[in-house]
Structure formats: structure tokens, C-alpha cells
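Colleague: Below you'll find the structure I mean.
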Amino acid sequence: MTILEFLQQPWPWYIAGPLIGLTVPVLLLVGNKSFGISSSLRHICAACVPAKVPFFQYDWKKETWNLLFVGGILLGGIIAGSVLANPAPVAVNPQLVTDLAPYGITDFHSLVPGQLFNWPALLSVRGLLMMVGGGFLVGFGTRYAGGCTSGHAIMGLSTLQWPSLVATICFMIGGFVMANLILPFILSL
Amino acid sequence: MNTWFSQLKYLVIGTLFGIIFVKAEVISWFRIQEMFRLQSFHMYGVIGSAVMVGMLSVWLIKKFNIKTLDGETVVFHPKKFNKGQIYGGLIFGLGWAITGACPGPLFAQIGVGATVVAVTLLSAIAGTWVYGRFRDQLPH
């Protein structure tokens with residue numbers, strides 16, 4: 001097996017998790033920056049459509065590092081999705097395969113299911129709810145909560161902030177409710 | 001040093017981070033569904049071990065007063081509790097399970113070729129904007 005083939009396999013959690021955790025000290029030591037991703041959405045608002053909203057009146061240029069960081073994530077996605085792409089389907093729990101089959105989700109070859117997330121699907125109620133509605137909830141909720149999985153769950157818990165624990169628990173409750181109670185209804189639309 | 005050049009390091013860190021995101025399949029809608037259906041340990045392992053490493057690093061930085069590369073003292077920003085962490089947290093959780101992505105993975109999903117996720121990202125930016133616009137009217 002070549003190094004490239006080795007890297008193309010999915011990385012196990014015990015490799016990826018600690019590497020993600022290392023982002024915390026790397027950002028702190030490289031430039032005294034607190035790990036957080038959802039703030040980038042606020043900076044984009046402040047840069048593009050501040051519209052005299054006080055929440056967007058600040059010097060976003062000082063936060064350019066954060067925009068470069070998310071730009072890097074996009075770039076990383078391009079590299080990992082081409083050079084390092086795993087040719088095999090996503091190995092999911094057989095139970096999930098059974099659960100999703102009735103909704104017409106049968107292709108597990110890409111990380112983002114093409115049967116749900118595609119351009120023509122934007123014209124369907126299901127697609128609109130999932131892509132536009134879901135995105136809105138992510139952007140609105142993270143800012144309302146003051147952070148996302150990175151800022152609260154990883155950075156916040158790493159620095160032992162109890163408000164971040166509250167936020168993380170609420171992320172999980174919201175996710176459990178959606179995945180188990182509401183999403184089956186949306187998927188059947 | 002040119003400020004743009006000195007900022008480029010964040011692009012590099014972000015790129016490495018994005019690669020890890022994709023290779024760990026953290027950006028996969030399927031993995032997020034498994035997590036919320038308790039069908040796999042994978043995501044719990046990723047987040048749990050990330051937090052452990054983060055905690056240990058922060059503890060070491062504080063314990064040995066490790067300075068930044070520029071010799072500054074590392075600054076931590078305490079988060080104040082407000083009800084937004086509850087309401088906003090629940091709302092984000094709902095969105096996370098639909099899109100299979102928190103804000104970081106949205107960028108990576110576009111990168112791996114799911115171009116339509118750009119619409120989801122735009123909608124997330126709109127959501128952030130609407131929060132900012134009506135912030136004063138919302139319970140905190």
C-alpha cells in the first residue's frame with residue numbers, strides 16, 4: 001500500500017479527533033486566536049450586508065484570519081475530495097441503510113447524499129426545507145447560541161466554560177429531536 | 001511583515017483542518033444521522049477525543065504559562081451565560097441534523113463537490129443576519 005492509498009482510507013476517530021483538538025493550541029500559540037467557525041458567518045454579514053445593524057458594526061477586517069481559516073477549510077475539502085478521495089462508499093451502520101431506504105436514499109458513495117442535496121431538489125418542498133431551511137437554522141441558531149460545535153463544544157469545553165456545556169447539550173437535544181422525530185416526516189415529503 | 005502574508009498561515013491551518021474534516025467523514029450527512037440515532041460511536045469518538053486533547057493543551061498552556069510564537073501571553077475569552085445558549089443551541093441542533101453539517105463542514109462539503117451546499121451556506125449567512133437584525137427582540 002502506498003502512502004497515498006493509506007491516506008485515502010477514511011481516518012479513524014482516534015486519529016481525526018485528536019488532530020481536530022490540536023487546532024485549539026495551534027491557533028492559540030500561532031496568533032492568540034480562539035478556535036471558532038460560526039463567527040465567520042457574522043464577519044461575512046459585517047463585510048457584505050451590515051445594513052446599519054449594530055450587531056454588524058465592528059471592524060471585521062481584524063477578523064480576516066477567521067475568513068482565511070474557513071477559506072482553507074473549503075480548499076481542504078477540494079484536496080481531500082479529489083487527491084485523497086476514498087473510492088469506496090461511506091461505511092454506515094446497516095440499520096441506517098434500512099432506515100433510509102424507504103425515503104429513496106440508497107446511494108452511499110458520497111459524503112453528502114446526492115439523492116437529497118442537488119440543484120434540481122431545490123425546487124422540491126423536501127429539498128427547499130432541507131437545504132434552505134436547514135441552513136437558516138444553522139446560521140441563526142449558532143449566532144443566537146454564540147458559537148457552534150467548534151466554539152462551544154471544542155473550544156468552550158476545553159477551557160471549562162459551563163455555558164458551553166449548556167450549549168453543547170442543547171445542540172445534541174435539538175439534533176436528537178430532529179433526526180428521530182421531525183426528519184422522518186421531512187424525508188417522506 | 002506584510003499583513004496578508006502573515007495571515008496566510010491561517011489559510012494553511014484551515015486547509016489541513018478541512019482535510020481532516022473530510023477524511024474523518026465528519027462532514028458526512030450519514031455520519032451525523034448515525035450519531036443522532038445512536039448507531040455509531042464514530043462522531044462521539046471524534047468530538048470526545050478532540051475535547052480531551054483541547055482540554056489537555058489548554059491546561060498545559062496555563063500550567064506552564066506557554067507564550068504565543070510572538071511572545072504574548074495566551075488570552076482566553078470567558079463565555080457569559082445567557083438564555084441564547086439554550087434557545088440558539090436547540091435551533092442549531094435542529095439545523096445540524098437536517099443539513100448534516102455545522103458551519104465548518106458546510107465549507108468542506110462545497111469543497112468536496114457538493115456545490116448546491118453553497119445555497120445552504122448562503123441561507124446560514126442569512127440566518128446569522130436575521131439574528132443580528134432582530135437580536136434586541138429575542139430573549140437572552
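In the C-alpha cells, the first chain shown is A, the next is B, and so on; residue numbers restart at 1 for each chain, and ligands run from 1 in the order shown.
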Counting only C-alpha atoms, a student should be able to say which residues of chain B come within 6 Å of chain A; what is the right answer, written as a JSON list (two decimals) with N, CA, C and O atoms, in the first residue's frame?
Modeller:
```json
[["chain", "number", "residue", "atom", "x", "y", "z"],
["B", 7, "GLN", "N", -0.98, 36.47, 7.51],
["B", 7, "GLN", "CA", -2.29, 35.86, 7.73],
["B", 7, "GLN", "C", -2.45, 34.54, 6.97],
["B", 7, "GLN", "O", -3.33, 33.75, 7.26],
["B", 10, "TYR", "N", -3.15, 31.08, 8.47],
["B", 10, "TYR", "CA", -4.49, 30.61, 8.84],
["B", 10, "TYR", "C", -5.16, 29.86, 7.69],
["B", 10, "TYR", "O", -5.96, 28.97, 7.91],
["B", 11, "LEU", "N", -4.78, 30.25, 6.47],
["B", 11, "LEU", "CA", -5.28, 29.53, 5.31],
["B", 11, "LEU", "C", -4.72, 28.12, 5.31],
["B", 11, "LEU", "O", -5.42, 27.14, 5.04],
["B", 14, "GLY", "N", -6.31, 26.13, 8.14],
["B", 14, "GLY", "CA", -7.68, 25.82, 7.72],
["B", 14, "GLY", "C", -7.71, 24.68, 6.71],
["B", 14, "GLY", "O", -8.57, 23.80, 6.77],
["B", 15, "THR", "N", -6.75, 24.69, 5.79],
["B", 15, "THR", "CA", -6.69, 23.65, 4.76],
["B", 15, "THR", "C", -6.45, 22.28, 5.40],
["B", 15, "THR", "O", -7.15, 21.30, 5.09],
["B", 18, "GLY", "N", -9.54, 21.25, 7.13],
["B", 18, "GLY", "CA", -10.56, 20.81, 6.18],
["B", 18, "GLY", "C", -10.31, 19.39, 5.71],
["B", 18, "GLY", "O", -11.24, 18.58, 5.57],
["B", 19, "ILE", "N", -9.03, 19.06, 5.48],
["B", 19, "ILE", "CA", -8.69, 17.71, 5.04],
["B", 19, "ILE", "C", -9.06, 16.69, 6.13],
["B", 19, "ILE", "O", -9.67, 15.65, 5.85],
["B", 23, "LYS", "N", -11.62, 13.60, 5.70],
["B", 23, "LYS", "CA", -11.13, 12.22, 5.85],
["B", 23, "LYS", "C", -11.72, 11.52, 7.06],
["B", 23, "LYS", "O", -11.81, 10.30, 7.08],
["B", 24, "ALA", "N", -12.14, 12.27, 8.06],
["B", 24, "ALA", "CA", -12.78, 11.64, 9.22],
["B", 24, "ALA", "C", -14.27, 11.46, 8.96],
["B", 24, "ALA", "O", -14.99, 10.93, 9.81],
["B", 28, "SER", "N", -19.95, 14.21, 6.75],
["B", 28, "SER", "CA", -20.93, 13.37, 6.08],
["B", 28, "SER", "C", -22.29, 13.42, 6.75],
["B", 28, "SER", "O", -22.41, 13.21, 7.96],
["B", 29, "TRP", "N", -23.28, 13.67, 5.95],
["B", 29, "TRP", "CA", -24.67, 13.67, 6.43],
["B", 29, "TRP", "C", -24.99, 12.32, 7.07],
["B", 29, "TRP", "O", -25.65, 12.26, 8.11],
["B", 36, "PHE", "N", -26.97, 10.90, 15.74],
["B", 36, "PHE", "CA", -28.23, 11.26, 16.40],
["B", 36, "PHE", "C", -29.19, 10.06, 16.52],
["B", 36, "PHE", "O", -30.22, 10.16, 17.16],
["B", 42, "HIS", "N", -18.59, 6.66, 16.13],
["B", 42, "HIS", "CA", -17.60, 7.47, 15.42],
["B", 42, "HIS", "C", -17.58, 8.95, 15.82],
["B", 42, "HIS", "O", -16.55, 9.47, 16.25],
["B", 45, "GLY", "N", -16.61, 9.64, 19.32],
["B", 45, "GLY", "CA", -15.18, 9.45, 19.47],
["B", 45, "GLY", "C", -14.40, 10.66, 18.98],
["B", 45, "GLY", "O", -13.46, 11.13, 19.63],
["B", 46, "VAL", "N", -14.81, 11.18, 17.81],
["B", 46, "VAL", "CA", -14.11, 12.35, 17.24],
["B", 46, "VAL", "C", -14.24, 13.54, 18.17],
["B", 46, "VAL", "O", -13.24, 14.14, 18.58],
["B", 49, "SER", "N", -12.60, 12.90, 21.77],
["B", 49, "SER", "CA", -11.14, 12.94, 21.82],
["B", 49, "SER", "C", -10.61, 14.33, 21.47],
["B", 49, "SER", "O", -9.58, 14.75, 22.00],
["B", 50, "ALA", "N", -11.33, 15.06, 20.61],
["B", 50, "ALA", "CA", -10.92, 16.44, 20.30],
["B", 50, "ALA", "C", -10.99, 17.29, 21.57],
["B", 50, "ALA", "O", -10.08, 18.06, 21.85],
["B", 51, "VAL", "N", -12.07, 17.13, 22.32],
["B", 51, "VAL", "CA", -12.22, 17.91, 23.55],
["B", 51, "VAL", "C", -11.13, 17.54, 24.55],
["B", 51, "VAL", "O", -10.53, 18.41, 25.19],
["B", 53, "VAL", "N", -8.09, 16.38, 23.97],
["B", 53, "VAL", "CA", -6.81, 16.96, 23.54],
["B", 53, "VAL", "C", -6.81, 18.47, 23.75],
["B", 53, "VAL", "O", -5.83, 19.06, 24.21],
["B", 54, "GLY", "N", -7.95, 19.12, 23.43],
["B", 54, "GLY", "CA", -8.07, 20.56, 23.63],
["B", 54, "GLY", "C", -7.91, 20.93, 25.09],
["B", 54, "GLY", "O", -7.17, 21.85, 25.44],
["B", 55, "MET", "N", -8.59, 20.18, 25.95],
["B", 55, "MET", "CA", -8.53, 20.44, 27.40],
["B", 55, "MET", "C", -7.10, 20.30, 27.93],
["B", 55, "MET", "O", -6.62, 21.15, 28.67],
["B", 57, "SER", "N", -4.34, 20.50, 26.25],
["B", 57, "SER", "CA", -3.49, 21.57, 25.70],
["B", 57, "SER", "C", -3.68, 22.87, 26.47],
["B", 57, "SER", "O", -2.70, 23.54, 26.81],
["B", 68, "THR", "N", 2.71, 32.69, 23.11],
["B", 68, "THR", "CA", 2.49, 32.51, 21.68],
["B", 68, "THR", "C", 3.85, 32.65, 20.98],
["B", 68, "THR", "O", 4.84, 33.05, 21.58],
["B", 69, "LEU", "N", 3.85, 32.37, 19.68],
["B", 69, "LEU", "CA", 5.09, 32.48, 18.90],
["B", 69, "LEU", "C", 5.66, 33.90, 18.96],
["B", 69, "LEU", "O", 6.86, 34.10, 18.86],
["B", 74, "VAL", "N", -1.09, 33.98, 26.32],
["B", 74, "VAL", "CA", -2.29, 33.47, 25.66],
["B", 74, "VAL", "C", -3.53, 34.01, 26.38],
["B", 74, "VAL", "O", -3.62, 33.95, 27.61],
["B", 81, "PHE", "N", -22.98, 33.25, 30.47],
["B", 81, "PHE", "CA", -24.21, 32.52, 30.20],
["B", 81, "PHE", "C", -25.34, 33.46, 29.85],
["B", 81, "PHE", "O", -25.50, 34.51, 30.45],
["B", 84, "GLY", "N", -29.68, 32.54, 25.31],
["B", 84, "GLY", "CA", -29.42, 32.28, 23.90],
["B", 84, "GLY", "C", -28.72, 30.95, 23.70],
["B", 84, "GLY", "O", -28.93, 30.27, 22.70],
["B", 85, "GLN", "N", -27.88, 30.58, 24.67],
["B", 85, "GLN", "CA", -27.17, 29.30, 24.54],
["B", 85, "GLN", "C", -28.15, 28.14, 24.55],
["B", 85, "GLN", "O", -27.89, 27.10, 23.96],
["B", 86, "ILE", "N", -29.30, 28.33, 25.23],
["B", 86, "ILE", "CA", -30.32, 27.27, 25.25],
["B", 86, "ILE", "C", -31.15, 27.33, 23.97],
["B", 86, "ILE", "O", -31.19, 26.38, 23.19],
["B", 88, "GLY", "N", -30.80, 29.17, 21.15],
["B", 88, "GLY", "CA", -29.98, 29.09, 19.95],
["B", 88, "GLY", "C", -29.40, 27.70, 19.77],
["B", 88, "GLY", "O", -29.34, 27.17, 18.67],
["B", 89, "GLY", "N", -28.97, 27.12, 20.90],
["B", 89, "GLY", "CA", -28.40, 25.77, 20.85],
["B", 89, "GLY", "C", -29.40, 24.76, 20.30],
["B", 89, "GLY", "O", -29.05, 23.93, 19.45],
["B", 90, "LEU", "N", -30.64, 24.84, 20.78],
["B", 90, "LEU", "CA", -31.67, 23.91, 20.30],
["B", 90, "LEU", "C", -31.93, 24.12, 18.81],
["B", 90, "LEU", "O", -32.04, 23.16, 18.05],
["B", 91, "ILE", "N", -32.01, 25.40, 18.41],
["B", 91, "ILE", "CA", -32.29, 25.71, 17.00],
["B", 91, "ILE", "C", -31.14, 25.20, 16.11],
["B", 91, "ILE", "O", -31.38, 24.56, 15.08],
["B", 92, "PHE", "N", -29.91, 25.44, 16.54],
["B", 92, "PHE", "CA", -28.77, 24.95, 15.75],
["B", 92, "PHE", "C", -28.81, 23.43, 15.67],
["B", 92, "PHE", "O", -28.57, 22.85, 14.60],
["B", 93, "GLY", "N", -29.12, 22.77, 16.79],
["B", 93, "GLY", "CA", -29.19, 21.31, 16.81],
["B", 93, "GLY", "C", -30.17, 20.78, 15.76],
["B", 93, "GLY", "O", -29.87, 19.83, 15.04],
["B", 94, "LEU", "N", -31.32, 21.44, 15.66],
["B", 94, "LEU", "CA", -32.32, 21.04, 14.66],
["B", 94, "LEU", "C", -31.73, 21.15, 13.26],
["B", 94, "LEU", "O", -31.87, 20.25, 12.44],
["B", 95, "GLY", "N", -31.07, 22.27, 13.01],
["B", 95, "GLY", "CA", -30.48, 22.50, 11.69],
["B", 95, "GLY", "C", -29.34, 21.53, 11.38],
["B", 95, "GLY", "O", -29.20, 21.05, 10.26],
["B", 97, "ALA", "N", -28.96, 18.45, 12.34],
["B", 97, "ALA", "CA", -29.44, 17.12, 11.96],
["B", 97, "ALA", "C", -30.07, 17.12, 10.57],
["B", 97, "ALA", "O", -30.14, 16.09, 9.92],
["B", 98, "ILE", "N", -30.56, 18.28, 10.12],
["B", 98, "ILE", "CA", -31.14, 18.33, 8.76],
["B", 98, "ILE", "C", -30.03, 18.38, 7.71],
["B", 98, "ILE", "O", -30.00, 17.60, 6.77],
["B", 99, "THR", "N", -29.13, 19.34, 7.88],
["B", 99, "THR", "CA", -28.11, 19.57, 6.86],
["B", 99, "THR", "C", -26.94, 18.59, 6.99],
["B", 99, "THR", "O", -26.18, 18.41, 6.06],
["B", 103, "PRO", "N", -21.32, 24.81, 10.82],
["B", 103, "PRO", "CA", -20.77, 25.78, 9.86],
["B", 103, "PRO", "C", -19.47, 25.35, 9.18],
["B", 103, "PRO", "O", -19.32, 25.51, 7.96],
["B", 104, "GLY", "N", -18.52, 24.77, 9.90],
["B", 104, "GLY", "CA", -17.25, 24.36, 9.29],
["B", 104, "GLY", "C", -17.45, 23.37, 8.16],
["B", 104, "GLY", "O", -16.99, 23.59, 7.03],
["B", 107, "PHE", "N", -18.47, 24.50, 4.57],
["B", 107, "PHE", "CA", -17.42, 24.92, 3.64],
["B", 107, "PHE", "C", -16.74, 23.70, 3.00],
["B", 107, "PHE", "O", -16.49, 23.68, 1.80],
["B", 108, "ALA", "N", -16.49, 22.68, 3.84],
["B", 108, "ALA", "CA", -15.81, 21.49, 3.32],
["B", 108, "ALA", "C", -16.70, 20.71, 2.35],
["B", 108, "ALA", "O", -16.21, 20.16, 1.37],
["B", 111, "GLY", "N", -16.42, 22.14, -0.89],
["B", 111, "GLY", "CA", -15.11, 21.78, -1.43],
["B", 111, "GLY", "C", -15.08, 20.39, -2.05],
["B", 111, "GLY", "O", -14.46, 20.19, -3.09],
["B", 112, "VAL", "N", -15.75, 19.43, -1.44],
["B", 112, "VAL", "CA", -15.71, 18.07, -2.00],
["B", 112, "VAL", "C", -16.60, 17.92, -3.23],
["B", 112, "VAL", "O", -16.67, 16.85, -3.83],
["B", 116, "VAL", "N", -24.22, 22.50, -4.43],
["B", 116, "VAL", "CA", -25.51, 23.04, -4.01],
["B", 116, "VAL", "C", -25.48, 23.48, -2.55],
["B", 116, "VAL", "O", -26.30, 24.30, -2.11],
["B", 120, "THR", "N", -27.08, 26.34, 0.92],
["B", 120, "THR", "CA", -27.24, 26.15, 2.37],
["B", 120, "THR", "C", -26.38, 27.14, 3.13],
["B", 120, "THR", "O", -26.82, 27.73, 4.12],
["B", 123, "SER", "N", -27.88, 30.51, 2.98],
["B", 123, "SER", "CA", -29.03, 30.55, 3.87],
["B", 123, "SER", "C", -28.57, 30.68, 5.33],
["B", 123, "SER", "O", -29.21, 31.36, 6.13],
["B", 124, "ALA", "N", -27.46, 30.03, 5.65],
["B", 124, "ALA", "CA", -26.91, 30.14, 7.01],
["B", 124, "ALA", "C", -26.43, 31.57, 7.27],
["B", 124, "ALA", "O", -26.62, 32.12, 8.36],
["B", 125, "ILE", "N", -25.83, 32.20, 6.25],
["B", 125, "ILE", "CA", -25.41, 33.60, 6.39],
["B", 125, "ILE", "C", -26.65, 34.47, 6.59],
["B", 125, "ILE", "O", -26.67, 35.36, 7.45],
["B", 127, "GLY", "N", -29.43, 33.50, 7.93],
["B", 127, "GLY", "CA", -29.89, 33.22, 9.29],
["B", 127, "GLY", "C", -29.13, 34.04, 10.31],
["B", 127, "GLY", "O", -29.70, 34.61, 11.25],
["B", 128, "THR", "N", -27.82, 34.13, 10.12],
["B", 128, "THR", "CA", -26.98, 34.92, 11.02],
["B", 128, "THR", "C", -27.38, 36.39, 10.95],
["B", 128, "THR", "O", -27.48, 37.08, 11.96],
["B", 131, "TYR", "N", -30.66, 36.98, 12.72],
["B", 131, "TYR", "CA", -30.42, 37.02, 14.17],
["B", 131, "TYR", "C", -29.88, 38.40, 14.58],
["B", 131, "TYR", "O", -30.36, 39.01, 15.53],
["B", 132, "GLY", "N", -28.90, 38.88, 13.84],
["B", 132, "GLY", "CA", -28.30, 40.18, 14.16],
["B", 132, "GLY", "C", -29.31, 41.31, 14.08],
["B", 132, "GLY", "O", -29.34, 42.20, 14.93],
["B", 133, "ARG", "N", -30.19, 41.24, 13.10],
["B", 133, "ARG", "CA", -31.19, 42.29, 12.89],
["B", 133, "ARG", "C", -32.22, 42.31, 14.02],
["B", 133, "ARG", "O", -32.66, 43.36, 14.45]]
```
Colleague: Using only C-alpha atoms, can you tell me which of B:Thr115, B:Thr3, B:Gln33, B:Asn82 comes closest to B:Leu138?
Modeller: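 Nearest to B:Leu138: B:Asn82.
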Colleague: For each of B:Leu38, B:Ile13, B:Ala114, B:Val22, take the minimum atom-to-atom distance to A:Val83, counting only C-alpha atoms, then give the residue where this is smallest.
Modeller: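 Closest to A:Val83, using only C-alpha atoms: B:Val22.
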Colleague: Any idea what the distance is between atom CA of B:Pro105 and atom CA of A:Pro102?
Modeller: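 Between these atoms lies a distance of 26.7 Å.
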Colleague: Report, in Å to a single decimal, how far apart atom CA of B:Ala101 and atom CA of B:Ile27 are.
Modeller: 6.0 Å
Colleague: So which bits of chain A end up alpha helix (DSSP H) when you DSSP the backbone, as a PyMOL selection string?
Modeller: chain A and resi 3-8+13-31+39-48+64-82+94-100+125-127+134-145+157-158+162-177+183-187
